$ cat model.cif   # mmCIF, C-alpha atoms
data_model
#
loop_
_atom_site.label_atom_id
_atom_site.label_comp_id
_atom_site.auth_asym_id
_atom_site.auth_seq_id
_atom_site.Cartn_x
_atom_site.Cartn_y
_atom_site.Cartn_z
CA ASP A 29 0.00 0.00 0.00
CA THR A 30 2.95 2.36 0.37
CA ILE A 31 4.19 2.25 -3.23
CA PRO A 32 2.75 4.62 -5.86
CA ASP A 33 2.34 1.93 -8.56
CA LEU A 34 -1.16 0.59 -9.14
CA ILE A 35 -1.25 -3.10 -8.16
CA PHE A 36 -4.31 -5.25 -8.79
CA TYR A 37 -5.44 -8.87 -9.05
CA LYS A 38 -8.07 -10.41 -11.33
CA ASP A 39 -9.47 -13.89 -11.79
CA ILE A 40 -9.73 -15.71 -15.12
CA ASN A 41 -12.91 -13.76 -15.93
CA SER A 42 -11.23 -10.38 -15.32
CA VAL A 43 -13.09 -9.89 -12.05
CA PHE A 44 -11.11 -7.89 -9.50
CA LEU A 45 -9.87 -9.88 -6.51
CA GLY A 46 -8.16 -6.94 -4.83
CA GLY A 47 -5.62 -4.17 -5.19
CA ASN A 48 -3.38 -1.85 -3.25
CA LYS A 49 -4.36 1.56 -1.85
CA ALA A 50 -3.08 3.47 -4.90
CA PHE A 51 -5.18 1.29 -7.20
CA ASN A 52 -8.43 1.39 -5.24
CA GLN A 53 -8.42 4.97 -4.00
CA ASN A 54 -6.32 6.88 -6.55
CA LEU A 55 -7.79 5.15 -9.58
CA PHE A 56 -11.40 4.55 -8.57
CA GLY A 57 -11.77 6.64 -5.41
CA LEU A 58 -13.26 3.61 -3.65
CA PRO A 59 -12.35 1.35 -0.71
CA GLU A 60 -11.10 -2.11 -1.66
CA GLU A 61 -14.32 -3.86 -0.63
CA GLU A 62 -16.23 -1.87 -3.26
CA VAL A 63 -13.80 -2.86 -5.98
CA ILE A 64 -13.59 -6.60 -5.25
CA GLY A 65 -16.06 -8.61 -7.33
CA LYS A 66 -16.43 -5.99 -10.03
CA THR A 67 -14.97 -5.74 -13.54
CA ASP A 68 -13.63 -2.88 -15.63
CA LEU A 69 -17.07 -2.63 -17.21
CA ASP A 70 -18.50 -1.83 -13.78
CA LEU A 71 -15.86 0.69 -12.74
CA VAL A 72 -14.57 2.42 -15.87
CA GLN A 73 -16.94 5.00 -17.36
CA ASP A 74 -15.42 4.80 -20.83
CA ILE A 75 -16.86 1.52 -22.16
CA GLU A 76 -14.42 1.40 -25.07
CA LEU A 77 -11.51 1.74 -22.67
CA ALA A 78 -12.96 -0.89 -20.33
CA ASN A 79 -13.24 -3.35 -23.22
CA TYR A 80 -9.63 -2.54 -24.19
CA TYR A 81 -8.42 -3.48 -20.69
CA ARG A 82 -10.36 -6.76 -20.86
CA LYS A 83 -8.97 -7.47 -24.33
CA LYS A 84 -5.42 -7.09 -22.99
CA ASP A 85 -6.31 -9.48 -20.15
CA GLN A 86 -7.45 -12.13 -22.62
CA GLU A 87 -4.34 -11.72 -24.76
CA MET A 88 -2.19 -12.38 -21.71
CA PHE A 89 -4.30 -15.39 -20.64
CA GLU A 90 -3.94 -16.90 -24.10
CA ALA A 91 -0.19 -16.25 -24.28
CA LYS A 92 0.35 -17.43 -20.69
CA ILE A 93 3.29 -15.04 -20.31
CA THR A 94 3.87 -11.58 -18.87
CA MET A 95 2.78 -8.89 -21.29
CA VAL A 96 3.51 -5.17 -21.11
CA ASN A 97 1.66 -2.34 -22.82
CA GLU A 98 1.24 1.41 -22.54
CA GLU A 99 -2.17 2.87 -21.89
CA LYS A 100 -3.90 6.04 -20.78
CA ILE A 101 -5.71 5.81 -17.44
CA THR A 102 -8.08 8.40 -16.00
CA MET A 103 -7.67 8.75 -12.24
CA ALA A 104 -10.37 9.47 -9.68
CA ASN A 105 -9.40 13.16 -9.68
CA GLY A 106 -10.14 13.40 -13.42
CA CYS A 107 -6.50 13.53 -14.58
CA THR A 108 -5.56 11.23 -17.45
CA ASN A 109 -2.00 9.94 -17.26
CA ASN A 110 0.19 7.59 -19.27
CA PHE A 111 0.87 4.26 -17.61
CA GLU A 112 2.99 1.24 -18.45
CA THR A 113 1.06 -1.85 -17.37
CA SER A 114 2.49 -5.33 -16.98
CA LYS A 115 0.19 -8.30 -16.50
CA THR A 116 1.50 -11.66 -15.30
CA PRO A 117 -0.56 -14.86 -15.00
CA PHE A 118 -0.73 -16.81 -11.75
CA PHE A 119 -1.65 -20.50 -11.59
CA ASP A 120 -3.61 -22.84 -9.32
CA GLN A 121 -2.26 -26.08 -7.81
CA GLN A 122 -3.16 -28.01 -10.96
CA GLY A 123 -1.09 -25.64 -13.14
CA ASN A 124 -4.08 -23.93 -14.68
CA ILE A 125 -4.23 -20.16 -15.05
CA ALA A 126 -6.23 -18.77 -12.14
CA GLY A 127 -5.91 -15.09 -12.86
CA LEU A 128 -3.45 -12.26 -13.25
CA ILE A 129 -1.39 -9.82 -11.26
CA GLY A 130 -1.18 -6.36 -12.78
CA ILE A 131 1.20 -3.50 -12.05
CA SER A 132 0.68 -0.08 -13.64
CA ARG A 133 3.41 2.54 -13.36
CA ASP A 134 2.83 6.21 -14.15
CA ILE A 135 5.20 7.11 -17.01
CA SER A 136 3.70 10.52 -17.79
CA ALA A 137 6.93 12.37 -16.93
CA ARG A 138 8.93 9.98 -19.12
CA LYS A 139 6.48 10.41 -22.01
CA ARG A 140 6.71 14.20 -21.73
CA MET A 141 10.49 13.98 -21.80
CA GLU A 142 10.36 11.64 -24.81
CA GLN A 143 8.09 14.13 -26.59
CA GLN A 144 10.44 17.00 -25.79
CA LEU A 145 13.41 14.99 -27.06
CA LYS A 146 11.47 14.11 -30.21
CA GLU A 147 10.64 17.77 -30.83
CA GLN A 148 14.26 18.80 -30.19
CA LYS A 149 15.49 16.11 -32.57
CA GLU A 150 13.05 17.22 -35.25
CA TYR A 151 14.14 20.84 -34.75
CA ALA A 152 17.81 19.88 -35.00
CA GLN A 153 17.13 17.87 -38.15
CA LEU A 154 15.29 20.84 -39.64
CA LEU A 155 18.25 23.10 -38.91
CA LEU A 156 20.61 20.59 -40.51
CA ARG A 157 18.47 20.61 -43.66
CA ILE A 158 18.12 24.36 -44.04
CA VAL A 159 21.46 25.68 -42.75
CA PRO A 160 23.59 26.86 -45.72
CA SER A 161 26.80 25.31 -44.33
CA ALA A 162 27.93 21.70 -44.26
CA VAL A 163 27.32 20.31 -40.77
CA PHE A 164 28.24 16.98 -39.24
CA SER A 165 28.79 15.58 -35.76
CA VAL A 166 31.01 12.86 -34.35
CA ASP A 167 30.91 10.76 -31.19
CA THR A 168 33.71 10.54 -28.62
CA GLU A 169 35.51 7.99 -30.79
CA GLY A 170 35.61 10.41 -33.69
CA LYS A 171 33.04 8.50 -35.74
CA ILE A 172 30.57 10.50 -37.81
CA ILE A 173 27.01 10.20 -36.47
CA SER A 174 25.22 12.87 -38.52
CA TRP A 175 25.86 14.38 -41.95
CA ASN A 176 23.65 17.00 -43.57
CA GLU A 177 22.79 17.48 -47.24
CA ARG A 178 25.20 20.39 -47.69
CA ALA A 179 28.06 18.20 -46.46
CA ALA A 180 27.02 15.61 -49.03
CA MET A 181 26.95 18.24 -51.79
CA ILE A 182 30.45 19.55 -51.01
CA THR A 183 32.16 16.19 -50.44
CA GLY A 184 30.20 13.95 -52.79
CA TYR A 185 29.61 11.46 -49.98
CA SER A 186 26.04 10.69 -48.95
CA ALA A 187 25.00 10.44 -45.31
CA ALA A 188 24.89 6.65 -45.66
CA GLU A 189 28.51 6.63 -46.85
CA ALA A 190 29.75 9.10 -44.22
CA ILE A 191 28.03 7.92 -41.03
CA GLY A 192 30.22 5.47 -39.14
CA GLN A 193 33.46 6.70 -40.72
CA PHE A 194 36.27 8.29 -38.71
CA CYS A 195 36.15 11.93 -39.79
CA CYS A 196 39.92 12.48 -39.45
CA ASN A 197 40.63 9.69 -41.96
CA PHE A 198 37.60 10.18 -44.15
CA ILE A 199 37.84 13.49 -45.97
CA TYR A 200 40.75 15.46 -44.57
CA VAL A 201 43.92 15.51 -46.65
CA SER A 202 46.31 15.93 -43.73
CA PRO A 203 46.39 13.21 -41.02
CA GLU A 204 46.85 16.00 -38.46
CA GLU A 205 43.36 17.29 -39.21
CA ARG A 206 41.76 15.85 -36.10
CA CYS A 207 39.82 17.52 -33.35
CA SER A 208 41.89 18.22 -30.24
CA LEU A 209 38.88 19.47 -28.25
CA PHE A 210 38.35 16.02 -26.70
CA SER A 211 41.57 16.39 -24.70
CA ASP A 212 40.40 19.64 -23.10
CA PRO A 213 36.79 19.66 -21.84
CA SER A 214 37.00 23.38 -21.07
CA ALA A 215 38.19 24.30 -24.57
CA ALA A 216 36.40 27.08 -26.37
CA PRO A 217 35.01 26.46 -29.86
CA LEU A 218 37.57 26.53 -32.66
CA THR A 219 36.66 28.99 -35.39
CA SER A 220 37.85 29.99 -38.87
CA ILE A 221 40.19 27.03 -39.38
CA ILE A 222 41.32 26.61 -42.99
CA SER A 223 41.78 22.97 -44.03
CA LYS A 224 41.87 20.79 -47.11
CA ILE A 225 39.53 17.93 -47.86
CA LYS A 226 39.42 15.40 -50.66
CA THR A 227 36.04 14.77 -52.28
CA LYS A 228 34.69 11.43 -53.37
CA GLN A 229 35.86 12.31 -56.88
CA GLY A 230 39.42 12.77 -55.56
CA ILE A 231 39.38 16.57 -55.92
CA GLU A 232 40.99 18.66 -53.20
CA ARG A 233 38.87 21.50 -51.84
CA ILE A 234 39.69 24.23 -49.33
CA ILE A 235 37.22 24.65 -46.47
CA LEU A 236 36.70 27.03 -43.56
CA ARG A 237 35.81 25.09 -40.41
CA ASN A 238 34.20 25.85 -37.05
CA ILE A 239 34.20 23.21 -34.31
CA ALA A 240 32.52 22.96 -30.90
CA LEU A 241 32.06 20.35 -28.19
CA ILE A 242 28.71 18.68 -27.50
CA LYS A 243 28.00 18.12 -23.78
CA ASN A 244 25.13 16.50 -21.91
CA GLU A 245 23.27 17.89 -18.90
CA LEU A 246 26.07 16.61 -16.62
CA ASP A 247 28.65 18.63 -18.58
CA VAL A 248 30.16 15.40 -19.94
CA ILE A 249 31.49 15.52 -23.49
CA THR A 250 29.40 13.34 -25.80
CA GLY A 251 30.80 14.43 -29.15
CA VAL A 252 31.79 17.27 -31.43
CA ILE A 253 29.81 19.24 -33.98
CA GLU A 254 31.54 20.81 -36.96
CA CYS A 255 30.39 23.06 -39.76
CA PHE A 256 32.36 24.05 -42.83
CA ASP A 257 32.06 26.01 -46.06
CA ASP A 258 33.85 25.45 -49.35
CA ILE A 259 36.07 28.52 -49.92
CA THR A 260 38.13 27.07 -52.76
CA GLU A 261 37.05 29.63 -55.36
CA TRP A 262 37.46 32.49 -52.90
CA GLN A 263 40.97 31.31 -51.98
CA GLU A 264 41.92 30.88 -55.63
CA ALA A 265 40.64 34.37 -56.48
CA GLU A 266 42.54 35.82 -53.53
CA GLU A 267 45.71 34.05 -54.66
CA LYS A 268 45.33 35.37 -58.20
CA LEU A 269 44.81 38.90 -56.87
CA ARG A 270 47.88 38.56 -54.67
CA ALA A 271 49.96 37.32 -57.62
CA SER A 272 48.70 40.18 -59.77
CA GLU A 273 49.63 42.71 -57.09
CA GLU A 274 53.10 41.22 -56.78
CA LYS A 275 53.57 41.31 -60.55
CA PHE A 276 52.49 44.93 -60.67
CA ARG A 277 54.73 45.88 -57.76
CA HIS A 278 57.73 44.15 -59.37
CA LEU A 279 57.08 45.98 -62.66
CA ALA A 280 56.65 49.33 -60.89
CA GLU A 281 59.85 48.94 -58.90
CA ASN A 282 61.93 48.21 -61.99
CA ILE A 283 60.99 51.11 -64.24
CA HIS A 284 62.55 54.56 -64.06
CA GLU A 285 59.52 56.71 -64.72
CA ILE A 286 57.73 58.38 -61.85
CA PHE A 287 54.03 57.61 -61.56
CA MET A 288 51.37 57.30 -58.98
CA ILE A 289 47.92 55.83 -58.61
CA ARG A 290 45.18 57.67 -56.81
CA ASP A 291 41.45 57.56 -56.42
CA ALA A 292 39.11 60.50 -55.93
CA GLU A 293 40.26 61.06 -52.34
CA LYS A 294 43.80 59.79 -51.77
CA ILE A 295 47.03 58.48 -53.28
CA LEU A 296 47.10 54.71 -53.45
CA TYR A 297 50.60 54.07 -54.81
CA VAL A 298 53.78 56.00 -55.73
CA SER A 299 56.58 54.34 -57.71
CA PRO A 300 60.06 54.23 -56.05
CA ALA A 301 61.53 56.41 -58.82
#

$ encode --input "model.cif" --output "structure tokens"
Amino acid sequence: DTIPDLIFYKDINSVFLGGNKAFNQNLFGLPEEEVIGKTDLDLVQDIELANYYRKKDQEMFEAKITMVNEEKITMANGCTNNFETSKTPFFDQQGNIAGLIGISRDISARKRMEQQLKEQKEYAQLLLRIVPSAVFSVDTEGKIISWNERAAMITGYSAAEAIGQFCCNFIYVSPEERCSLFSDPSAAPLTSIISKIKTKQGIERIILRNIALIKNELDVITGVIECFDDITEWQEAEEKLRASEEKFRHLAENIHEIFMIRDAEKILYVSPA
């Protein structure tokens, strides 16, 4: 009578033989003597629900094994909660099934948490789909556990091909391209790291990376999340501009004429001569 779980007993015809205090008073709001001898059809106002309970009884009697199911139960105070109910047969001296013992545990808090986790997961998956950067995450062993569509577009590897691979050996050109955050739980996110990757087609690309630790509610590291963008064209254009500037400077420093370059407001360059 001191435990919060609902405990009850039924005979082979699903007639109640007894129950604990939580079952009799919290569920039905009745003393045990007013529950004994009755069935779900007598005590449960929702006839469809009462028939469902009896159906689960019969399934267990036929299987002759413990069966567990989730169900919604309306308590005496009018609140409807989620319960996990296990029903186990008990036998008479001849080995025949004589009835069942049922235990119902309130799992409403767990169901709410599961729903919250489901919503958070769906939100995270939505972000992975719409974010313009490549994003993937790895576990504490360095194995890829998520891989968004942008990552697949840049690398040529689908999520099915990437998940389960060690990220440091999978796409990065240099073997040193591994995350050192695992060795320092207090490390701040790493940002604006320029690295090289090799695509599925064997083409090297230059990427700009940002990396951060993933921690659980106990502040324990559970993985790493990384996002990156392909900056190959930008780097190549910058290199061409730098080469052009060097070529111009070399030409300017080796001619004897005096000249300068200016815009509408200021002088930009004056030759050494």

$ resolve_selection --input "model.cif" --expression "the PyMOL selection byres ((chain A and resi 46) around 9)" --output "MDAnalysis selection string"
chainID A and resid 35:38 44:45 47:48 52 60:61 63:65

$ resolve_selection --input "model.cif" --expression "the PyMOL selection byres ((chain A and resi 239-247) around 8)" --output "list in words"
Leu209, Phe210, Pro213, Ala216, Pro217, Leu218, Thr219, Arg237, Asn238, Val248, Ile249, Thr250, Gly251, Val252, Ile253, Glu254 and Cys255 of chain A

$ resolve_selection --input "model.cif" --expression "the PyMOL selection byres ((chain A and resi 72-86) around 10)" --output "number ranges by chain"
A: 38-43, 55-56, 67-71, 87-92, 95-97, 99-102, 115-117, 127-128, 130

$ residues_around --input "model.cif" --residues "range 179-194 of chain A" --least-positions-apart "4" --cutoff "9 Å" --atoms "all atoms listed in the file" --output "list of chain:residue names"
A:Ser161, A:Ala162, A:Val163, A:Phe164, A:Val166, A:Glu169, A:Gly170, A:Lys171, A:Ile172, A:Ile173, A:Ser174, A:Trp175, A:Phe198, A:Ile199, A:Ile225, A:Lys226, A:Thr227, A:Lys228, A:Gln229, A:Arg233, A:Cys255, A:Phe256, A:Asp257, A:Asp258

$ write_last_selection --input "model.cif" --atoms "C-alpha atoms" --output "mmCIF file, in the coordinates of the input"
data_model
loop_
_atom_site.group_PDB
_atom_site.id
_atom_site.type_symbol
_atom_site.label_atom_id
_atom_site.label_comp_id
_atom_site.auth_asym_id
_atom_site.auth_seq_id
_atom_site.Cartn_x
_atom_site.Cartn_y
_atom_site.Cartn_z
ATOM 1 C CA SER A 161 26.800 25.310 -44.330
ATOM 2 C CA ALA A 162 27.930 21.700 -44.260
ATOM 3 C CA VAL A 163 27.320 20.310 -40.770
ATOM 4 C CA PHE A 164 28.240 16.980 -39.240
ATOM 5 C CA VAL A 166 31.010 12.860 -34.350
ATOM 6 C CA GLU A 169 35.510 7.990 -30.790
ATOM 7 C CA GLY A 170 35.610 10.410 -33.690
ATOM 8 C CA LYS A 171 33.040 8.500 -35.740
ATOM 9 C CA ILE A 172 30.570 10.500 -37.810
ATOM 10 C CA ILE A 173 27.010 10.200 -36.470
ATOM 11 C CA SER A 174 25.220 12.870 -38.520
ATOM 12 C CA TRP A 175 25.860 14.380 -41.950
ATOM 13 C CA PHE A 198 37.600 10.180 -44.150
ATOM 14 C CA ILE A 199 37.840 13.490 -45.970
ATOM 15 C CA ILE A 225 39.530 17.930 -47.860
ATOM 16 C CA LYS A 226 39.420 15.400 -50.660
ATOM 17 C CA THR A 227 36.040 14.770 -52.280
ATOM 18 C CA LYS A 228 34.690 11.430 -53.370
ATOM 19 C CA GLN A 229 35.860 12.310 -56.880
ATOM 20 C CA ARG A 233 38.870 21.500 -51.840
ATOM 21 C CA CYS A 255 30.390 23.060 -39.760
ATOM 22 C CA PHE A 256 32.360 24.050 -42.830
ATOM 23 C CA ASP A 257 32.060 26.010 -46.060
ATOM 24 C CA ASP A 258 33.850 25.450 -49.350
#

$ atom_distance --input "model.cif" --atom1 "CA of Leu145 in chain A" --atom2 "CA of Cys195 in chain A"
26.2 Å

$ atom_distance --input "model.cif" --atom1 "CA of Glu147 in chain A" --atom2 "CA of Ser114 in chain A"
28.1 Å

$ atom_distance --input "model.cif" --atom1 "CA of Ser136 in chain A" --atom2 "CA of Asn109 in chain A"
5.8 Å

$ closest_residue --input "model.cif" --among "A:Glu266, A:Thr168, A:Ile135, A:Asn176" --to "Ala152 in chain A" --atoms "only C-alpha atoms"
A:Asn176

$ closest_residue --input "model.cif" --among "A:Ile131, A:Ile125, A:Ile222, A:Ile93" --to "Leu34 in chain A" --atoms "all atoms listed in the file"
A:Ile131
